[in-house]
Amino acid sequence: MNNKTDDKAWKVLKSEYLFQQPWLTVRREHIQLPNGNEIPDYYLLDYPDWVNVIAITKDKKFILVSQYRHGLGYTSIELCAGVAEKYDPSFEISAQRELLEETGYGNGNWTKYMEISVNPGTHTNMTHCFLATDVEKIAEQNLEATEDISVHLLSADELVVLLKKDGIKQAVQAAPLWKYIAENHLI
């Protein structure tokens, strides 16, 4: 789908950055559609790629974290997730680093599970989702000064109940969890 010769691709006539900070970059583009129509003010949000992890311990517990999310104004339960840092040699290394830092869990068997976009209409980044099985506690949390994260171990049944009650609000996290539940016939 990400084909540079897409005959429906829009032509960028002008592009300018309105705001550039590490956590928010806004770009305005003047674009022309294939039919010749123009949109003079189309806004894009440039973010680095993100990673998240469905982490499952050797005794089949799902590792989730909770932390306050100021955008929605509440404490959210989530997958371990974060930014794919430029210094990480791969998305998998980013995901492993985030899991270890936020939870103290590591090792296990890692596979790329899926890629998902938070909003392909306005966001330029992707979220790279990983599945890590047989992970184990190997260290203590190593949180940044701005992080206050609690770790939760849930059974598959508890996870299904949480999802059915819309307990996970992050769409890029709910989607891979629902995929995992469907593929593994957990409901």
# chains A, B, ... in the order shown; residues from 1 in each chain; ligands from 1
>>> residues_around(residues="range 77-79 of chain A", least_positions_apart="5", cutoff="12 Å", atoms="only C-alpha atoms", output="JSON, numbers by chain")
{"A": [51, 52, 53, 54, 55, 56, 62, 63, 64, 65, 66, 67, 68, 69, 95, 98, 99, 102, 103, 129, 130, 131, 132, 149, 150, 151, 152, 153, 154, 159, 162, 163, 166, 167, 168, 169, 170, 171, 172, 173, 174, 175, 176, 177]}
>>> residues_around(residues="Leu44 in chain A", least_positions_apart="4", cutoff="9 Å", atoms="only C-alpha atoms", output="list in words")
Thr25, Val26, Arg27, Arg28, Glu29, Gly121, Thr122, His123 and Thr124 of chain A
>>> write_last_selection(atoms="N, CA and C atoms", output="short mmCIF file (atom, residue, chain, number, x, y, z; two decimals), in the first residue's frame")
data_model
loop_
_atom_site.label_atom_id
_atom_site.label_comp_id
_atom_site.auth_asym_id
_atom_site.auth_seq_id
_atom_site.Cartn_x
_atom_site.Cartn_y
_atom_site.Cartn_z
N THR A 25 5.68 18.25 15.93
CA THR A 25 6.12 18.94 14.73
C THR A 25 4.92 19.06 13.80
N VAL A 26 4.60 20.29 13.42
CA VAL A 26 3.44 20.55 12.57
C VAL A 26 3.93 21.09 11.23
N ARG A 27 3.44 20.47 10.17
CA ARG A 27 3.80 20.87 8.82
C ARG A 27 2.52 21.22 8.06
N ARG A 28 2.57 22.32 7.30
CA ARG A 28 1.46 22.71 6.44
C ARG A 28 1.90 22.51 4.99
N GLU A 29 1.02 21.87 4.23
CA GLU A 29 1.33 21.67 2.82
C GLU A 29 0.20 22.18 1.94
N GLY A 121 -4.14 9.84 7.85
CA GLY A 121 -4.51 11.10 7.21
C GLY A 121 -3.69 12.28 7.67
N THR A 122 -3.20 12.22 8.92
CA THR A 122 -2.48 13.38 9.46
C THR A 122 -1.16 13.06 10.13
N HIS A 123 -0.91 11.81 10.49
CA HIS A 123 0.33 11.44 11.18
C HIS A 123 1.27 10.74 10.20
N THR A 124 2.54 11.08 10.28
CA THR A 124 3.51 10.53 9.33
C THR A 124 4.22 9.29 9.86
#
>>> select_by_dssp(residues="range 13-109 of chain A", states="strand (DSSP E)", output="PyMOL selection string")
chain A and resi 13-21+24-32+38-46+50-57+62-69+74-78+80-83+105-106+109
>>> write_last_selection(atoms="C-alpha atoms", output="PDB file, in the first residue's frame")
ATOM      1  CA  LEU A  13       3.195  22.159  -4.248  1.00  0.00           C
ATOM      2  CA  LYS A  14       4.566  23.778  -1.098  1.00  0.00           C
ATOM      3  CA  SER A  15       5.595  22.493   2.324  1.00  0.00           C
ATOM      4  CA  GLU A  16       6.559  24.450   5.431  1.00  0.00           C
ATOM      5  CA  TYR A  17       7.128  23.646   9.079  1.00  0.00           C
ATOM      6  CA  LEU A  18       4.998  25.745  11.421  1.00  0.00           C
ATOM      7  CA  PHE A  19       6.321  24.268  14.658  1.00  0.00           C
ATOM      8  CA  GLN A  20       9.209  21.904  15.387  1.00  0.00           C
ATOM      9  CA  GLN A  21       9.817  20.419  18.814  1.00  0.00           C
ATOM     10  CA  LEU A  24       5.263  17.945  18.258  1.00  0.00           C
ATOM     11  CA  THR A  25       6.123  18.944  14.731  1.00  0.00           C
ATOM     12  CA  VAL A  26       3.442  20.546  12.568  1.00  0.00           C
ATOM     13  CA  ARG A  27       3.798  20.867   8.817  1.00  0.00           C
ATOM     14  CA  ARG A  28       1.455  22.709   6.438  1.00  0.00           C
ATOM     15  CA  GLU A  29       1.325  21.667   2.816  1.00  0.00           C
ATOM     16  CA  HIS A  30      -0.337  23.049  -0.271  1.00  0.00           C
ATOM     17  CA  ILE A  31      -1.304  19.970  -2.232  1.00  0.00           C
ATOM     18  CA  GLN A  32      -2.841  19.105  -5.567  1.00  0.00           C
ATOM     19  CA  GLU A  38      -6.041  21.837  -4.612  1.00  0.00           C
ATOM     20  CA  ILE A  39      -6.028  21.927  -0.836  1.00  0.00           C
ATOM     21  CA  PRO A  40      -3.976  24.998   0.141  1.00  0.00           C
ATOM     22  CA  ASP A  41      -3.774  24.224   3.873  1.00  0.00           C
ATOM     23  CA  TYR A  42      -3.299  20.534   4.719  1.00  0.00           C
ATOM     24  CA  TYR A  43      -1.701  19.884   8.108  1.00  0.00           C
ATOM     25  CA  LEU A  44       0.533  16.962   9.038  1.00  0.00           C
ATOM     26  CA  LEU A  45       1.965  15.911  12.380  1.00  0.00           C
ATOM     27  CA  ASP A  46       5.482  14.520  12.116  1.00  0.00           C
ATOM     28  CA  TRP A  50       6.641   4.326  17.960  1.00  0.00           C
ATOM     29  CA  VAL A  51       6.910   0.785  19.350  1.00  0.00           C
ATOM     30  CA  ASN A  52       4.704  -1.259  21.625  1.00  0.00           C
ATOM     31  CA  VAL A  53       4.947  -4.747  23.076  1.00  0.00           C
ATOM     32  CA  ILE A  54       2.501  -7.505  23.866  1.00  0.00           C
ATOM     33  CA  ALA A  55       4.704  -9.063  26.541  1.00  0.00           C
ATOM     34  CA  ILE A  56       3.752 -12.403  28.053  1.00  0.00           C
ATOM     35  CA  THR A  57       5.646 -14.013  30.928  1.00  0.00           C
ATOM     36  CA  PHE A  62       0.312 -10.273  30.144  1.00  0.00           C
ATOM     37  CA  ILE A  63       2.486  -7.351  31.227  1.00  0.00           C
ATOM     38  CA  LEU A  64       0.681  -4.025  31.163  1.00  0.00           C
ATOM     39  CA  VAL A  65       1.586  -0.677  32.642  1.00  0.00           C
ATOM     40  CA  SER A  66      -0.458   2.175  34.020  1.00  0.00           C
ATOM     41  CA  GLN A  67       0.430   5.832  33.954  1.00  0.00           C
ATOM     42  CA  TYR A  68      -1.300   9.184  34.003  1.00  0.00           C
ATOM     43  CA  ARG A  69      -2.148  10.545  30.541  1.00  0.00           C
ATOM     44  CA  TYR A  74      -6.763  10.013  33.662  1.00  0.00           C
ATOM     45  CA  THR A  75      -4.515   7.090  34.551  1.00  0.00           C
ATOM     46  CA  SER A  76      -4.452   4.702  31.626  1.00  0.00           C
ATOM     47  CA  ILE A  77      -3.626   1.006  31.489  1.00  0.00           C
ATOM     48  CA  GLU A  78      -1.557   0.219  28.433  1.00  0.00           C
ATOM     49  CA  CYS A  80       4.568  -1.050  27.298  1.00  0.00           C
ATOM     50  CA  ALA A  81       5.320   1.461  24.553  1.00  0.00           C
ATOM     51  CA  GLY A  82       7.507   4.342  23.538  1.00  0.00           C
ATOM     52  CA  VAL A  83       9.472   6.152  20.885  1.00  0.00           C
ATOM     53  CA  TYR A 105      11.203  -7.562  32.104  1.00  0.00           C
ATOM     54  CA  GLY A 106      13.291  -8.894  29.240  1.00  0.00           C
ATOM     55  CA  ASN A 109      11.178 -14.788  22.249  1.00  0.00           C
TER      56      ASN A 109
END
>>> atom_distance(atom1="CA of Glu92 in chain A", atom2="CA of Tyr113 in chain A")
10.5 Å
>>> closest_residue(among="A:Gly108, A:Pro120, A:Gly73, A:Pro34", to="Gln96 in chain A", atoms="only C-alpha atoms")
A:Gly108
>>> select_by_dssp(residues="chain A", states="helix (DSSP H, G or I)", output="number ranges by chain")
A: 91-103, 156-164, 171-183
>>> atom_distance(atom1="CA of Glu140 in chain A", atom2="CA of Glu101 in chain A")
8.0 Å
